[in-house]
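Note sheet for the following structure.
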Amino acid sequence: MPPRIGVIAGAGDMPERVIAACRNSGRNPYVIGLRDQADPASFSHPPDAWIRLGQAGRGVELLKSAGAEEVVLVGGVTRPPIRSLRPDAKTARFLVRIGRSYYRDGSILNAIAEALEAEGLRVVAPETFAQSLAAEARLYGDRGPDPAQDADIRRGFEVARALGALDVGQGVIVQQGRVIGVEAAEGTDALIERCAPLLAEGEGGVLVKACKPGQDTRVDLPTIGPRTVANAARAGLAGIAVGAGRALILDAETVGREADAAGLFVVGVEEPE
C-alpha cells in the first residue's frame with residue numbers, strides 16, 4: 001500500500017474533487033478540514049479531523065500519526081486577524097517568521113508549504129492526483145475569441161502579471177483594451193459582480209486568470225468552474241481565459257457545455273511571454 005496522502009481542505013468544491021481523485025488513484029487520503037473555512041456539507045464523507053487555522057502544530061501531529069508523507073493544500077482560505085487565531089506554539093513561531101507577510105495575498109500560502117516541508121511532509125499539487133483539473137491549451141466549448149478578444153486576452157495577461165508581481169491578485173477583466181477591474185481580496189466572483197455595471201455597450205469584456213510571477217504552483221492556482229461561467233454570463237462578459245498548465249478548471253465538460261449555452265467562450269492559452 002502506498003503511504004497515505006494528507007489533504008488540508010479549505011472552502012469550495014475543489015477539496016471534495018481532489019479527495020475523490022486520491023481515492024480513485026488508490027491512495028487513502030487523511031482529510032483535515034479547516035474550521036470556519038471548509039463547509040462540512042461539501043464533503044461526501046466527514047473529514048478525519050478538524051483544526052483551526054491557528055493549530056498548525058496539531059495538524060502536523062495528525063498527519064504524521066496517520067502515516068501521511070505527502071500533503072495537498074486545496075480550497076479557499078480567508079485570513080482572519082492574527083489576534084483571533086489563538087495560535088498554538090508551532091503556529092506562533094510560524095507567524096513570527098513570516099511577520100507582515102501574513103497579510104499579503106500569496107506569501108502566506110508559500111510559507112505554509114515551506115513550513116510543512118520543514119516538518120518532513122512533501123507538498124504536492126492537487127493536479128498530481130486530479131490531472132483532469134489542469135487547464136489545457138484548447139477551447140472549452142465550441143466558441144472561441146475573435147481577434148479583438150484575443151487582444152484583450154493578451155492585455156489581461158500583461159496586467160495580471162504586473163499585479164501579480166505586487167502580490168495583489170490573479171484576475172483581471174479587460175474590455176476593448178481597457179482594464180475594467182482587477183481582483184484583490186474579494187475574489188473572482190465578487191470581481192465579476194463589481195465590474196458588470198462598468199462594462200461599455202457593445203462587445204463584452206474578457207476575464208483573464210493568471211499565475212503570479214514566481215508563484216508556487218503547488219498551491220492556490222487560478223481556478224474557474226461552472227459557477228464562474230454562470231457569473232460571467234450574468235455580467236455580460238464575452239469570455240474567460242486561463243493559462244494552460246497554470247490554472248485549474250472544475251468540471252471541464254460542464255464548463256464547456258454551459259459556456260456554449262450562455263454564448264461565451266472559455267479558453268486555455270499558452271501564456272504570452
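We label chains A, B, ... in the order they appear in the C-alpha cells, count residues from 1 in each chain, and number ligands from 1 in the order shown.
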
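Around Ala56 in chain A, within 9 Å and counting only C-alpha atoms, the residues found are A:Ile51, A:Arg52, A:Leu53, A:Gly54, A:Arg58, A:Gly59, A:Val60, A:Glu61, A:Pro87, A:Asp88, A:Ala89, A:Lys90, A:Thr91, A:Phe94, A:Leu116, once anything fewer than 2 positions away on its own chain is removed.
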
Need the shell around range 245-256 of chain A: protein/DNA/RNA residues with any atom at most 6 Å away, counting only C-alpha atoms. Skip same-chain ones fewer than 3 positions apart. Format as a VMD selection string?
chain A and resid 133 to 135 140 to 141 221 to 226 259

Restricting the output to C-alpha atoms, write the selected residues as a compact mmCIF listing (two decimals), in the first residue's frame.
```txt
# COMPACT_ATOMS: atom_id res chain seq x y z
CA LEU A 133 -8.41 19.59 -13.42
CA ALA A 134 -5.36 21.09 -15.14
CA ALA A 135 -6.24 23.64 -17.82
CA TYR A 140 -13.77 24.53 -23.67
CA GLY A 141 -16.86 24.52 -25.84
CA LEU A 221 -3.55 28.04 -8.69
CA PRO A 222 -6.08 30.24 -10.51
CA THR A 223 -9.34 28.28 -10.64
CA ILE A 224 -12.59 28.56 -12.58
CA GLY A 225 -15.65 26.34 -12.80
CA PRO A 226 -19.32 26.28 -13.78
CA ALA A 259 -20.31 28.32 -21.95
```

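Between CA of Val18 in chain A and CA of Ala49 in chain A the separation is 16.8 Å.
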
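Among the candidates A:Ile19, A:Ala68, A:Leu73, A:Leu163, the one nearest to Lys212 in chain A when counting only C-alpha atoms is A:Leu163.
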
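Of the listed residues (A:Ala113, A:Ala41, A:Ala21, A:Ala66), A:Ala113 comes nearest to Asp220 in chain A; the distances count only C-alpha atoms.
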
Could you give me, as a CSV table (one decimal) with N, CA and C atoms, in the first residue's frame, each residue of range 19-161 of chain A that DSSP assigns to helix (DSSP H, G or I) when run on this structure's backbone?
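Writing the result to states38.csv gives the following:
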```csv
chain,number,residue,atom,x,y,z
A,19,ILE,N,-10.1,14.9,-3.1
A,19,ILE,CA,-10.3,13.8,-2.2
A,19,ILE,C,-10.7,12.5,-3.0
A,20,ALA,N,-11.7,12.7,-3.9
A,20,ALA,CA,-12.3,11.6,-4.7
A,20,ALA,C,-11.2,11.1,-5.6
A,21,ALA,N,-10.4,12.0,-6.2
A,21,ALA,CA,-9.3,11.6,-7.2
A,21,ALA,C,-8.3,10.9,-6.4
A,22,CYS,N,-7.9,11.2,-5.2
A,22,CYS,CA,-7.0,10.5,-4.4
A,22,CYS,C,-7.4,9.1,-4.2
A,23,ARG,N,-8.7,8.9,-3.8
A,23,ARG,CA,-9.3,7.6,-3.6
A,23,ARG,C,-9.3,6.8,-4.9
A,24,ASN,N,-9.6,7.4,-6.0
A,24,ASN,CA,-9.7,6.7,-7.3
A,24,ASN,C,-8.3,6.2,-7.7
A,40,PRO,N,-18.8,21.8,6.1
A,40,PRO,CA,-19.0,20.4,6.4
A,40,PRO,C,-19.9,19.7,5.3
A,41,ALA,N,-20.9,20.4,4.8
A,41,ALA,CA,-21.8,19.8,3.9
A,41,ALA,C,-21.2,19.6,2.5
A,42,SER,N,-20.0,20.1,2.2
A,42,SER,CA,-19.4,19.9,0.9
A,42,SER,C,-18.7,18.6,0.8
A,56,ALA,N,-1.5,24.8,13.6
A,56,ALA,CA,-0.6,24.1,12.7
A,56,ALA,C,0.1,23.0,13.4
A,57,GLY,N,0.5,23.1,14.6
A,57,GLY,CA,1.1,22.1,15.3
A,57,GLY,C,0.3,20.8,15.4
A,58,ARG,N,-1.0,21.0,15.7
A,58,ARG,CA,-1.9,19.9,15.8
A,58,ARG,C,-2.1,19.2,14.5
A,59,GLY,N,-2.1,20.0,13.4
A,59,GLY,CA,-2.3,19.5,12.1
A,59,GLY,C,-1.1,18.6,11.7
A,60,VAL,N,0.1,19.1,12.0
A,60,VAL,CA,1.3,18.3,11.7
A,60,VAL,C,1.3,16.9,12.4
A,61,GLU,N,0.9,17.0,13.7
A,61,GLU,CA,0.8,15.8,14.5
A,61,GLU,C,-0.2,14.8,14.0
A,62,LEU,N,-1.3,15.3,13.6
A,62,LEU,CA,-2.3,14.4,13.0
A,62,LEU,C,-1.9,13.8,11.7
A,63,LEU,N,-1.3,14.5,10.8
A,63,LEU,CA,-0.8,14.0,9.6
A,63,LEU,C,0.3,12.9,9.8
A,64,LYS,N,1.2,13.2,10.6
A,64,LYS,CA,2.3,12.2,10.9
A,64,LYS,C,1.7,11.0,11.6
A,65,SER,N,0.8,11.1,12.5
A,65,SER,CA,0.2,10.0,13.2
A,65,SER,C,-0.5,9.1,12.2
A,82,ILE,N,-4.9,38.2,13.0
A,82,ILE,CA,-3.9,37.4,13.8
A,82,ILE,C,-4.4,37.2,15.2
A,83,ARG,N,-4.9,38.2,15.8
A,83,ARG,CA,-5.3,38.1,17.3
A,83,ARG,C,-6.4,37.1,17.5
A,84,SER,N,-7.2,36.8,16.4
A,84,SER,CA,-8.3,35.9,16.6
A,84,SER,C,-7.9,34.4,16.3
A,89,ALA,N,1.8,26.7,19.8
A,89,ALA,CA,3.2,27.1,19.8
A,89,ALA,C,3.9,27.1,18.4
A,90,LYS,N,3.6,26.1,17.7
A,90,LYS,CA,4.2,26.0,16.3
A,90,LYS,C,3.7,27.1,15.4
A,91,THR,N,2.4,27.3,15.5
A,91,THR,CA,1.8,28.4,14.7
A,91,THR,C,2.4,29.8,15.1
A,92,ALA,N,2.5,30.0,16.4
A,92,ALA,CA,3.1,31.3,16.8
A,92,ALA,C,4.5,31.5,16.3
A,93,ARG,N,5.3,30.4,16.3
A,93,ARG,CA,6.7,30.5,15.7
A,93,ARG,C,6.6,30.8,14.3
A,94,PHE,N,5.7,30.2,13.6
A,94,PHE,CA,5.5,30.4,12.2
A,94,PHE,C,5.1,31.8,11.9
A,95,LEU,N,4.2,32.4,12.7
A,95,LEU,CA,3.7,33.7,12.4
A,95,LEU,C,4.9,34.7,12.7
A,96,VAL,N,5.7,34.5,13.7
A,96,VAL,CA,6.8,35.3,13.9
A,96,VAL,C,7.8,35.3,12.7
A,97,ARG,N,7.9,34.1,12.1
A,97,ARG,CA,8.9,34.0,11.0
A,97,ARG,C,8.4,34.8,9.8
A,98,ILE,N,7.1,34.7,9.5
A,98,ILE,CA,6.6,35.3,8.2
A,98,ILE,C,6.2,36.8,8.5
A,99,GLY,N,6.0,37.2,9.7
A,99,GLY,CA,5.7,38.6,10.0
A,99,GLY,C,4.6,39.2,9.2
A,100,ARG,N,4.9,40.3,8.6
A,100,ARG,CA,3.8,41.1,7.9
A,100,ARG,C,3.3,40.3,6.6
A,101,SER,N,4.1,39.3,6.2
A,101,SER,CA,3.7,38.6,5.0
A,101,SER,C,2.3,37.9,5.2
A,102,TYR,N,1.9,37.7,6.5
A,102,TYR,CA,0.6,37.1,6.8
A,102,TYR,C,-0.5,37.8,6.0
A,103,TYR,N,-0.4,39.1,5.9
A,103,TYR,CA,-1.4,39.9,5.3
A,103,TYR,C,-1.3,40.0,3.8
A,107,SER,N,2.0,35.2,-0.2
A,107,SER,CA,3.2,34.8,0.6
A,107,SER,C,2.8,33.8,1.7
A,108,ILE,N,1.6,34.0,2.3
A,108,ILE,CA,1.2,33.1,3.4
A,108,ILE,C,1.1,31.6,2.9
A,109,LEU,N,0.6,31.4,1.7
A,109,LEU,CA,0.5,30.1,1.1
A,109,LEU,C,1.8,29.4,0.8
A,110,ASN,N,2.7,30.2,0.3
A,110,ASN,CA,4.1,29.7,0.0
A,110,ASN,C,4.7,29.4,1.4
A,111,ALA,N,4.5,30.2,2.4
A,111,ALA,CA,5.2,30.0,3.7
A,111,ALA,C,4.6,28.7,4.3
A,112,ILE,N,3.3,28.5,4.2
A,112,ILE,CA,2.7,27.3,4.8
A,112,ILE,C,3.3,26.1,4.1
A,113,ALA,N,3.4,26.1,2.8
A,113,ALA,CA,4.0,24.9,2.1
A,113,ALA,C,5.4,24.7,2.6
A,114,GLU,N,6.2,25.8,2.8
A,114,GLU,CA,7.6,25.6,3.3
A,114,GLU,C,7.6,25.1,4.7
A,115,ALA,N,6.7,25.6,5.5
A,115,ALA,CA,6.6,25.1,6.9
A,115,ALA,C,6.3,23.6,7.0
A,116,LEU,N,5.4,23.2,6.2
A,116,LEU,CA,5.0,21.7,6.2
A,116,LEU,C,6.2,20.9,5.7
A,117,GLU,N,6.9,21.4,4.7
A,117,GLU,CA,8.1,20.6,4.2
A,117,GLU,C,9.2,20.6,5.3
A,118,ALA,N,9.3,21.7,6.0
A,118,ALA,CA,10.3,21.7,7.1
A,118,ALA,C,10.0,20.7,8.2
A,126,PRO,N,-2.6,19.7,-6.4
A,126,PRO,CA,-3.8,19.0,-6.5
A,126,PRO,C,-3.9,18.2,-7.8
A,127,GLU,N,-3.4,18.7,-8.9
A,127,GLU,CA,-3.5,18.0,-10.2
A,127,GLU,C,-2.6,16.8,-10.3
A,128,THR,N,-1.7,16.6,-9.3
A,128,THR,CA,-0.9,15.3,-9.2
A,128,THR,C,-1.9,14.1,-9.2
A,131,GLN,N,-5.6,15.0,-12.6
A,131,GLN,CA,-5.0,15.6,-13.8
A,131,GLN,C,-6.0,16.2,-14.7
A,132,SER,N,-7.3,15.8,-14.6
A,132,SER,CA,-8.3,16.4,-15.4
A,132,SER,C,-8.6,17.8,-15.0
A,133,LEU,N,-8.2,18.2,-13.9
A,133,LEU,CA,-8.4,19.6,-13.4
A,133,LEU,C,-7.5,20.6,-14.1
A,147,PRO,N,-10.5,38.2,-33.0
A,147,PRO,CA,-9.2,39.0,-32.9
A,147,PRO,C,-9.2,40.0,-31.8
A,148,ALA,N,-10.3,40.8,-31.7
A,148,ALA,CA,-10.3,41.8,-30.7
A,148,ALA,C,-10.3,41.2,-29.3
A,149,GLN,N,-10.9,40.1,-29.1
A,149,GLN,CA,-10.9,39.5,-27.8
A,149,GLN,C,-9.6,38.8,-27.5
A,150,ASP,N,-8.9,38.3,-28.6
A,150,ASP,CA,-7.5,37.8,-28.4
A,150,ASP,C,-6.6,39.0,-27.9
A,151,ALA,N,-6.8,40.2,-28.4
A,151,ALA,CA,-6.0,41.3,-27.9
A,151,ALA,C,-6.3,41.6,-26.5
A,152,ASP,N,-7.6,41.5,-26.1
A,152,ASP,CA,-7.9,41.7,-24.7
A,152,ASP,C,-7.3,40.6,-23.8
A,153,ILE,N,-7.3,39.4,-24.3
A,153,ILE,CA,-6.6,38.3,-23.5
A,153,ILE,C,-5.2,38.6,-23.3
A,154,ARG,N,-4.5,39.0,-24.3
A,154,ARG,CA,-3.0,39.4,-24.2
A,154,ARG,C,-2.9,40.5,-23.2
A,155,ARG,N,-3.7,41.5,-23.3
A,155,ARG,CA,-3.7,42.7,-22.4
A,155,ARG,C,-3.9,42.2,-21.0
A,156,GLY,N,-4.9,41.3,-20.8
A,156,GLY,CA,-5.2,40.8,-19.5
A,156,GLY,C,-4.0,40.1,-18.8
A,157,PHE,N,-3.3,39.2,-19.6
A,157,PHE,CA,-2.2,38.5,-19.0
A,157,PHE,C,-1.1,39.5,-18.7
A,158,GLU,N,-0.9,40.6,-19.5
A,158,GLU,CA,0.1,41.6,-19.2
A,158,GLU,C,-0.2,42.3,-17.9
A,159,VAL,N,-1.5,42.7,-17.7
A,159,VAL,CA,-1.8,43.4,-16.5
A,159,VAL,C,-1.8,42.4,-15.3
A,160,ALA,N,-2.3,41.2,-15.5
A,160,ALA,CA,-2.3,40.2,-14.4
A,160,ALA,C,-0.9,39.9,-13.9
A,161,ARG,N,0.1,39.8,-14.8
A,161,ARG,CA,1.5,39.6,-14.4
A,161,ARG,C,2.0,40.8,-13.6
```

Which of range 91-195 of chain A end up as strand (DSSP E or B) when DSSP is run on this backbone - answer as a count of residues only?
14

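Our summary of the geometry notes that CA of Val219 in chain A is positioned 10.8 Å from CA of Val71 in chain A.
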